[in-house]
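Engineer: Encoded as structure tokens, here's the structure I'll be asking about.
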Amino acid sequence: MKITFLGSGGGRFATISQKRMTGGFRIDNFGGKNYHVDPGPGALVRSYQFGVNPTKIDGVFVSHSHTDHYGDAEILIEAMTRGMTKNNGIIMGSQSVFEKYKRWGPALSNYHKSNSKNLILVPNKIKKFPSFSIKGTGTIHGDPTGVGFQMEANDFKISYTADTRYFDELAKYHKGADILIGSVLRPGENSIKGHMCTEDFINLVADVKPKLAIMTHFGFKMISANPVKEAISVNKRTGVRTLAAFDGMLVDINEKNPQKSRMIRLKDRFAAHMKQEEVYSNHFSKPNGDKDKKNKNKHYNKNSDFNNSFGSK
Ligand SMILES: [Zn+2]
Ligand SMILES: [Zn+2]
């Protein structure tokens with residue numbers, strides 16, 4: 001099983017600025033199926049950027065109706081259903097994702113809901129399918145219907161808090177998790193309404209005692225504080241191995257020993273593309289294979305002449 005982070009940013013400002021990417025994460029080969037969780041803005045593009053195939057998903061989970069969680073949900077549903085030509089997959093999420101609830105949602109059009117199974121998750125309600133089961137977990141957040149989940153396949157449990165503030169019963173929902181993924185927007189004791197800070201996550205991890213904890217959904221202050229440092233402090237205080245997600249992080253899960261899972265930095269294919277562009281521009285700067293510096297300068301001068309003449313027109 002693999003978990004791939006197509007973004008580790010969250011909250012309005014990290015999203016608008018793309019200080020960190022906001023494509024959510026993928027769980028691949030979990031009970032033989034692939035899921036995209038909270039596909040925020042960029043999820044489709046980030047999938048290609050980090051080499052995961054958006055058409056190879058069996059489920060889309062959207063925790064609540066905030067754009068950093070549902071921005072790309074509809075296009076991923078189209079990827080899952082072959083452009084809405086096939087009945088395929090399952091869409092899971094909060095009530096507000098499917099139906100309008102007060103000021104929130106719906107996050108999906110009727111059209112996009114129509115070719116997949118729809119499952120509204122409610123805290124503590126378990127739904128069983130042949131390849132997996134899923135339980136909704138409670139949140140206290142802006143969207144009152146927001147949910148996290150605990151998914152189980154082959155006796156292995158992955159828990160995701162989604163956006164929530166810390167509250168006493170939070171640990172109860174996530175008890176028994178092998179892997180706990182937390183949305184930790186702020187560093188230290190720097191709590192903000194509706195979200196957890198590192199100190200809250202320490203309390204949660206200490207109580208749930210997962211085998212591996214992963215922090216993601218970082219806001220501006222967390223990014224400046226360095227999430228890796230924060231994860232180290234969770235680790236020290238709880239004894240649970242804790243990772244800070246980064247954009248393009250793949251965690252190759254060791255199901256027998258989750259604490260020994262491998263963390264891999266995925267190749268950024270767009271960055272590779274940029275390098276290719278550099279190769280082309282080098283090529284053009286040396287039309288006759290001439291490597292001498294004078295010629296290079298000539299080329300740059302030519303370019304600037306071109307720019308100047310273009311600018312003067
Ligand atoms: Zn969020
Ligand atoms: Zn939110």
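Labels for the structure tokens follow display order: chains A, B, ..., residues from 1 in each chain, ligands from 1.
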Compute the set of protein, DNA and RNA residues whose minimum atom distance to ligand 1 is at most 12 Å, using only C-alpha atoms and all ligand atoms, and state it as a tab-separated table (two decimals) with C-alpha atoms, in the first residue's frame.
Structural biologist:
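Once written, pocket.tsv looks like this:
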```tsv
chain	number	residue	atom	x	y	z
A	7	GLY	CA	-0.08	18.61	-1.54
A	8	SER	CA	0.69	19.37	2.07
A	9	GLY	CA	-0.83	22.85	2.24
A	10	GLY	CA	-4.19	23.87	3.63
A	11	GLY	CA	-6.34	26.74	4.72
A	12	ARG	CA	-7.35	29.65	2.56
A	13	PHE	CA	-4.08	31.52	2.34
A	14	ALA	CA	-1.71	28.62	1.73
A	15	THR	CA	-4.19	27.56	-0.97
A	16	ILE	CA	-4.63	30.91	-2.70
A	22	THR	CA	-3.28	21.49	-2.19
A	23	GLY	CA	-4.10	18.31	-4.14
A	24	GLY	CA	-4.87	16.18	-1.04
A	38	ASP	CA	-9.71	15.69	-0.36
A	39	PRO	CA	-8.79	16.69	-3.92
A	40	GLY	CA	-8.28	20.42	-3.44
A	41	PRO	CA	-7.19	22.89	-6.14
A	62	VAL	CA	-14.37	14.77	0.27
A	63	SER	CA	-14.43	15.62	3.98
A	64	HIS	CA	-16.35	18.91	3.80
A	65	SER	CA	-17.38	21.80	1.61
A	66	HIS	CA	-14.32	24.03	1.79
A	67	THR	CA	-12.53	24.60	-1.52
A	68	ASP	CA	-9.12	23.40	-0.27
A	69	HIS	CA	-10.82	19.97	0.02
A	70	TYR	CA	-13.20	19.80	-2.94
A	71	GLY	CA	-11.74	22.16	-5.58
A	141	HIS	CA	-15.11	22.82	12.12
A	142	GLY	CA	-16.76	25.57	10.06
A	143	ASP	CA	-18.84	23.14	8.00
A	146	GLY	CA	-17.63	17.81	8.06
A	147	VAL	CA	-16.30	14.29	8.62
A	148	GLY	CA	-13.02	12.43	8.82
A	161	THR	CA	-8.99	13.58	11.04
A	162	ALA	CA	-9.84	16.02	8.21
A	163	ASP	CA	-10.21	19.65	9.38
A	164	THR	CA	-11.25	19.81	13.00
A	165	ARG	CA	-10.35	21.49	16.20
A	182	GLY	CA	-3.89	14.65	10.85
A	183	SER	CA	-4.77	18.04	9.48
A	184	VAL	CA	-2.47	20.25	11.58
A	185	LEU	CA	-2.73	23.82	10.35
A	186	ARG	CA	-0.69	25.65	12.99
A	193	LYS	CA	-10.66	28.27	15.43
A	194	GLY	CA	-11.66	24.96	13.88
A	195	HIS	CA	-8.13	23.60	13.43
A	196	MET	CA	-5.48	21.67	15.31
A	216	THR	CA	-0.38	17.54	6.65
A	217	HIS	CA	-2.59	20.53	5.63
A	218	PHE	CA	-0.11	23.17	6.72
A	219	GLY	CA	-0.95	26.87	6.89
```
Engineer: Skipping near chain neighbours, those fewer than 6 positions away, what residues fall within 8 Å of Asp268 of chain A using only C-alpha atoms, listed as number ranges by chain?
Structural biologist: A: 49-50, 248
Engineer: Determine the nearest neighbour of Asp252 of chain A from the options A:Val234, A:Leu119, A:Ile264, A:Ala73, counting only C-alpha atoms.
Structural biologist: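 Distance minimum relative to Asp252 of chain A lands on A:Ile264.
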Engineer: Which is closest to Tyr166 of chain A among A:Met249, A:Ile214, A:Leu204, A:Leu121, if we use only C-alpha atoms?
Structural biologist: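 The closest residue to Tyr166 of chain A is A:Leu204.
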Engineer: Would you mind telling me which residue in A:Asn110, A:Pro54, A:Trp104, A:Ile120 lies nearest to Gly83 of chain A when using only C-alpha atoms?
Structural biologist: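 Under the stated criterion, the closest residue is A:Pro54.
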Engineer: Nearest to Asp247 of chain A: which of A:Pro187, A:Gly42, A:Pro106, A:Gly31 is it, counting only C-alpha atoms?
Structural biologist: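 Checking each candidate against Asp247 of chain A, we get A:Gly42 as the closest.
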Engineer: Calculate how many Å separate atom CA of Leu76 of chain A from atom CA of Ala153 of chain A, rounding to one decimal.
Structural biologist: 22.9 Å
Engineer: Which residues, written as a list in words, have at least one atom at most 6 Å from Gln150 of chain A, with only C-alpha atoms counted and residues fewer than 5 positions away on the same chain left out?
Structural biologist: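 The neighbour list is Ile134, Lys135, Ile158 and Ser159 of chain A.
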Engineer: Name the residues in contact with Lys211 of chain A at a cut-off of 9 Å, using only C-alpha atoms, excluding same-chain residues fewer than 6 positions from it; report them as a ChimeraX atom specification.
Structural biologist: /A:177-180,240-241,257-259
Engineer: Generate the output file for the selected residues, C-alpha atoms, as a PDB file, in the first residue's frame.
Structural biologist:
```pdb
ATOM      1  CA  ALA A 177      -5.674   3.298  13.782  1.00  0.00           C
ATOM      2  CA  ASP A 178      -2.465   1.823  12.385  1.00  0.00           C
ATOM      3  CA  ILE A 179      -1.805   5.075  10.561  1.00  0.00           C
ATOM      4  CA  LEU A 180      -3.204   8.408  11.711  1.00  0.00           C
ATOM      5  CA  VAL A 240       5.205   7.556  17.824  1.00  0.00           C
ATOM      6  CA  ARG A 241       7.105   7.954  14.576  1.00  0.00           C
ATOM      7  CA  ASN A 257       5.565  -2.747  10.648  1.00  0.00           C
ATOM      8  CA  PRO A 258       3.997   0.620   9.737  1.00  0.00           C
ATOM      9  CA  GLN A 259       6.606   2.470  11.809  1.00  0.00           C
TER      10      GLN A 259
END
```
Engineer: Please determine, counting only C-alpha atoms and all ligand atoms, which residue among A:Ala79, A:Ala244, A:Ile192, A:Ala43 has the shortest atom-to-atom distance to ligand 2.
Structural biologist: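 Among the listed residues, A:Ile192 lies closest to ligand 2.
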Engineer: Step one, run DSSP on the backbone; step two, keep only residues of segment 94-308 of chain A assigned to strand (DSSP E); then write them as an MDAnalysis selection string.
Structural biologist: chainID A and resid 117:120 126:128 133:137 148:153 156:160 179:186 196:197 212:216 242:244 249:252 262:265
Engineer: Residues as selected, N, CA and C atoms, written as a compact mmCIF listing (two decimals), in the first residue's frame, can you do that?
Structural biologist:
```txt
# COMPACT_ATOMS: atom_id res chain seq x y z
N LYS A 117 -21.45 5.43 -6.94
CA LYS A 117 -22.16 5.24 -5.67
C LYS A 117 -21.93 6.48 -4.82
N ASN A 118 -22.96 6.93 -4.11
CA ASN A 118 -22.81 8.08 -3.21
C ASN A 118 -22.94 7.61 -1.77
N LEU A 119 -22.01 7.99 -0.93
CA LEU A 119 -22.10 7.60 0.48
C LEU A 119 -21.89 8.82 1.37
N ILE A 120 -22.97 9.23 2.04
CA ILE A 120 -22.87 10.32 3.02
C ILE A 120 -22.38 9.72 4.32
N ILE A 126 -20.68 2.88 10.48
CA ILE A 126 -19.77 2.07 9.68
C ILE A 126 -20.50 1.52 8.47
N LYS A 127 -19.84 1.62 7.32
CA LYS A 127 -20.42 1.06 6.10
C LYS A 127 -19.44 0.01 5.58
N LYS A 128 -19.97 -1.18 5.31
CA LYS A 128 -19.08 -2.27 4.86
C LYS A 128 -19.26 -2.58 3.38
N SER A 133 -14.09 -1.36 4.66
CA SER A 133 -15.17 -0.73 5.40
C SER A 133 -14.73 0.66 5.79
N ILE A 134 -15.70 1.53 6.00
CA ILE A 134 -15.38 2.92 6.35
C ILE A 134 -16.32 3.41 7.45
N LYS A 135 -15.70 4.12 8.40
CA LYS A 135 -16.47 4.73 9.48
C LYS A 135 -16.26 6.24 9.41
N GLY A 136 -17.32 7.01 9.51
CA GLY A 136 -17.18 8.46 9.59
C GLY A 136 -16.65 8.82 10.97
N THR A 137 -15.84 9.88 11.04
CA THR A 137 -15.35 10.34 12.34
C THR A 137 -15.75 11.79 12.52
N GLY A 148 -14.26 13.13 9.15
CA GLY A 148 -13.02 12.43 8.82
C GLY A 148 -13.40 10.98 8.59
N PHE A 149 -12.41 10.10 8.55
CA PHE A 149 -12.77 8.69 8.38
C PHE A 149 -11.77 7.76 9.04
N GLN A 150 -12.24 6.56 9.26
CA GLN A 150 -11.33 5.45 9.54
C GLN A 150 -11.72 4.35 8.55
N MET A 151 -10.75 3.99 7.70
CA MET A 151 -10.99 2.96 6.68
C MET A 151 -10.23 1.71 7.07
N GLU A 152 -10.85 0.57 6.80
CA GLU A 152 -10.20 -0.69 7.15
C GLU A 152 -10.24 -1.63 5.95
N ALA A 153 -9.10 -2.25 5.67
CA ALA A 153 -9.02 -3.31 4.66
C ALA A 153 -7.95 -4.28 5.12
N PHE A 156 -6.20 -3.73 8.40
CA PHE A 156 -5.31 -2.57 8.53
C PHE A 156 -6.17 -1.31 8.52
N LYS A 157 -5.89 -0.40 9.46
CA LYS A 157 -6.76 0.79 9.59
C LYS A 157 -6.01 2.09 9.34
N ILE A 158 -6.58 2.89 8.44
CA ILE A 158 -6.05 4.23 8.19
C ILE A 158 -7.09 5.23 8.69
N SER A 159 -6.64 6.16 9.50
CA SER A 159 -7.54 7.19 10.04
C SER A 159 -7.11 8.56 9.55
N TYR A 160 -8.10 9.40 9.26
CA TYR A 160 -7.83 10.76 8.78
C TYR A 160 -8.75 11.71 9.55
N ILE A 179 -2.39 3.82 11.03
CA ILE A 179 -1.80 5.08 10.56
C ILE A 179 -2.81 6.19 10.83
N LEU A 180 -2.34 7.26 11.44
CA LEU A 180 -3.20 8.41 11.71
C LEU A 180 -2.69 9.61 10.93
N ILE A 181 -3.53 10.12 10.03
CA ILE A 181 -3.17 11.31 9.25
C ILE A 181 -3.96 12.48 9.81
N GLY A 182 -3.23 13.51 10.22
CA GLY A 182 -3.89 14.65 10.85
C GLY A 182 -3.74 15.93 10.06
N SER A 183 -4.80 16.71 10.08
CA SER A 183 -4.77 18.04 9.48
C SER A 183 -4.33 19.00 10.59
N VAL A 184 -3.07 19.44 10.50
CA VAL A 184 -2.47 20.25 11.58
C VAL A 184 -2.03 21.59 10.99
N LEU A 185 -2.92 22.56 11.07
CA LEU A 185 -2.73 23.82 10.35
C LEU A 185 -1.65 24.72 10.97
N ARG A 186 -1.54 24.69 12.29
CA ARG A 186 -0.69 25.65 12.99
C ARG A 186 0.39 24.97 13.82
N MET A 196 -6.44 22.12 14.32
CA MET A 196 -5.48 21.67 15.31
C MET A 196 -4.13 22.35 15.11
N CYS A 197 -3.42 22.55 16.24
CA CYS A 197 -2.02 22.95 16.20
C CYS A 197 -1.21 21.74 16.64
N LEU A 212 2.07 4.80 13.12
CA LEU A 212 2.71 5.86 12.34
C LEU A 212 1.75 7.05 12.29
N ALA A 213 2.29 8.25 12.51
CA ALA A 213 1.45 9.45 12.41
C ALA A 213 2.00 10.33 11.29
N ILE A 214 1.09 10.97 10.55
CA ILE A 214 1.51 11.87 9.47
C ILE A 214 0.75 13.19 9.62
N MET A 215 1.50 14.28 9.60
CA MET A 215 0.88 15.61 9.67
C MET A 215 0.83 16.21 8.27
N THR A 216 -0.29 16.88 7.96
CA THR A 216 -0.38 17.54 6.65
C THR A 216 -1.31 18.75 6.79
N THR A 242 6.56 10.11 13.61
CA THR A 242 5.67 11.10 13.01
C THR A 242 6.36 11.77 11.83
N LEU A 243 5.66 11.80 10.69
CA LEU A 243 6.21 12.42 9.49
C LEU A 243 5.47 13.72 9.20
N ALA A 244 6.20 14.70 8.71
CA ALA A 244 5.56 15.92 8.19
C ALA A 244 5.48 15.74 6.68
N MET A 249 5.41 13.65 -1.53
CA MET A 249 5.92 12.61 -0.63
C MET A 249 5.12 11.32 -0.83
N LEU A 250 5.84 10.24 -1.03
CA LEU A 250 5.19 8.94 -1.10
C LEU A 250 5.63 8.14 0.12
N VAL A 251 4.66 7.57 0.82
CA VAL A 251 5.00 6.71 1.94
C VAL A 251 4.64 5.28 1.53
N ASP A 252 5.67 4.48 1.40
CA ASP A 252 5.50 3.08 1.02
C ASP A 252 5.23 2.33 2.33
N ARG A 262 8.63 3.33 4.40
CA ARG A 262 9.66 4.14 3.74
C ARG A 262 9.08 5.43 3.19
N MET A 263 9.81 6.51 3.38
CA MET A 263 9.38 7.80 2.85
C MET A 263 10.20 8.07 1.58
N ILE A 264 9.51 8.39 0.49
CA ILE A 264 10.20 8.58 -0.79
C ILE A 264 9.82 9.94 -1.37
N ARG A 265 10.80 10.64 -1.92
CA ARG A 265 10.50 11.90 -2.61
C ARG A 265 10.23 11.59 -4.08
```
Engineer: Which residue, A:Asn124, A:Phe5, A:Pro144, A:Phe61, has the smallest gap to ligand 2 when you use only C-alpha atoms and all ligand atoms?
Structural biologist: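 Smallest separation from ligand 2 among the options: A:Pro144.
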Engineer: Looking only at alpha helix (DSSP H) from DSSP on the backbone, list the matching residues of segment 84-237 of chain A as a VMD selection string.
Structural biologist: chain A and resid 95 to 98 110 to 113 170 to 174 198 to 208 220 to 225 227 to 237
Engineer: Could you write those residues out with N, CA and C atoms, as a compact mmCIF listing (two decimals), in the first residue's frame?
Structural biologist:
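The resulting file, part29.txt, is reproduced below:
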```
# COMPACT_ATOMS: atom_id res chain seq x y z
N GLN A 95 -22.35 15.34 4.39
CA GLN A 95 -23.67 15.64 3.83
C GLN A 95 -23.61 16.85 2.91
N SER A 96 -22.85 17.87 3.32
CA SER A 96 -22.80 19.13 2.56
C SER A 96 -22.12 18.96 1.20
N VAL A 97 -21.36 17.88 1.03
CA VAL A 97 -20.73 17.63 -0.26
C VAL A 97 -21.81 17.25 -1.29
N PHE A 98 -22.83 16.55 -0.82
CA PHE A 98 -23.88 16.04 -1.72
C PHE A 98 -25.12 16.93 -1.77
N ASN A 110 -25.28 17.60 -9.57
CA ASN A 110 -26.06 16.35 -9.71
C ASN A 110 -25.46 15.47 -10.78
N TYR A 111 -25.01 16.10 -11.86
CA TYR A 111 -24.38 15.37 -12.96
C TYR A 111 -23.20 14.54 -12.45
N HIS A 112 -22.33 15.17 -11.67
CA HIS A 112 -21.13 14.46 -11.21
C HIS A 112 -21.43 13.38 -10.17
N LYS A 113 -22.58 13.49 -9.51
CA LYS A 113 -22.95 12.48 -8.52
C LYS A 113 -23.56 11.25 -9.18
N LEU A 170 -12.26 13.23 20.19
CA LEU A 170 -11.62 13.03 18.88
C LEU A 170 -10.82 11.71 18.86
N ALA A 171 -10.10 11.45 19.93
CA ALA A 171 -9.27 10.24 19.99
C ALA A 171 -10.13 8.98 19.90
N LYS A 172 -11.32 9.03 20.49
CA LYS A 172 -12.20 7.84 20.48
C LYS A 172 -12.52 7.42 19.05
N TYR A 173 -12.79 8.41 18.21
CA TYR A 173 -13.13 8.10 16.80
C TYR A 173 -11.98 7.39 16.09
N HIS A 174 -10.75 7.74 16.49
CA HIS A 174 -9.60 7.25 15.72
C HIS A 174 -8.85 6.11 16.40
N THR A 198 0.11 21.86 16.58
CA THR A 198 0.97 20.72 16.92
C THR A 198 0.66 20.17 18.31
N GLU A 199 0.46 21.07 19.29
CA GLU A 199 0.19 20.65 20.66
C GLU A 199 -1.08 19.78 20.72
N ASP A 200 -2.09 20.15 19.95
CA ASP A 200 -3.33 19.35 19.89
C ASP A 200 -3.04 17.97 19.30
N PHE A 201 -2.22 17.97 18.26
CA PHE A 201 -1.92 16.70 17.58
C PHE A 201 -1.12 15.80 18.53
N ILE A 202 -0.26 16.39 19.34
CA ILE A 202 0.48 15.61 20.34
C ILE A 202 -0.51 14.90 21.28
N ASN A 203 -1.50 15.64 21.75
CA ASN A 203 -2.52 15.03 22.63
C ASN A 203 -3.25 13.90 21.93
N LEU A 204 -3.59 14.12 20.67
CA LEU A 204 -4.34 13.12 19.91
C LEU A 204 -3.49 11.86 19.68
N VAL A 205 -2.26 12.07 19.25
CA VAL A 205 -1.37 10.93 18.95
C VAL A 205 -1.07 10.15 20.24
N ALA A 206 -0.87 10.87 21.33
CA ALA A 206 -0.58 10.22 22.62
C ALA A 206 -1.75 9.32 23.02
N ASP A 207 -2.95 9.75 22.69
CA ASP A 207 -4.15 9.01 23.08
C ASP A 207 -4.45 7.85 22.12
N VAL A 208 -4.34 8.11 20.82
CA VAL A 208 -4.67 7.09 19.81
C VAL A 208 -3.55 6.04 19.70
N PHE A 220 0.24 28.95 6.62
CA PHE A 220 1.42 29.83 6.54
C PHE A 220 2.34 29.73 7.75
N LYS A 221 1.75 29.85 8.94
CA LYS A 221 2.59 29.89 10.16
C LYS A 221 3.31 28.56 10.36
N MET A 222 2.63 27.46 10.06
CA MET A 222 3.25 26.14 10.18
C MET A 222 4.40 26.01 9.18
N ILE A 223 4.18 26.48 7.97
CA ILE A 223 5.22 26.37 6.94
C ILE A 223 6.46 27.17 7.38
N SER A 224 6.25 28.37 7.93
CA SER A 224 7.40 29.17 8.40
C SER A 224 8.07 28.53 9.61
N ALA A 225 7.29 27.82 10.41
CA ALA A 225 7.87 27.22 11.63
C ALA A 225 8.68 25.96 11.30
N PRO A 227 7.56 22.40 9.38
CA PRO A 227 6.75 21.25 9.81
C PRO A 227 7.60 20.05 10.26
N VAL A 228 8.80 19.91 9.71
CA VAL A 228 9.63 18.76 10.09
C VAL A 228 10.01 18.88 11.58
N LYS A 229 10.37 20.09 12.00
CA LYS A 229 10.68 20.33 13.43
C LYS A 229 9.48 19.98 14.29
N GLU A 230 8.30 20.38 13.82
CA GLU A 230 7.08 20.11 14.58
C GLU A 230 6.84 18.60 14.69
N ALA A 231 7.08 17.90 13.58
CA ALA A 231 6.88 16.44 13.59
C ALA A 231 7.86 15.77 14.55
N ILE A 232 9.08 16.29 14.60
CA ILE A 232 10.07 15.73 15.52
C ILE A 232 9.60 15.90 16.97
N SER A 233 8.98 17.05 17.25
CA SER A 233 8.52 17.26 18.62
C SER A 233 7.34 16.33 18.95
N VAL A 234 6.49 16.03 17.97
CA VAL A 234 5.40 15.05 18.20
C VAL A 234 6.02 13.70 18.50
N ASN A 235 7.00 13.35 17.71
CA ASN A 235 7.72 12.08 17.87
C ASN A 235 8.33 11.96 19.28
N LYS A 236 9.04 13.00 19.69
CA LYS A 236 9.71 12.99 21.00
C LYS A 236 8.71 12.88 22.14
N ARG A 237 7.63 13.62 22.03
CA ARG A 237 6.69 13.68 23.15
C ARG A 237 5.79 12.45 23.23
```
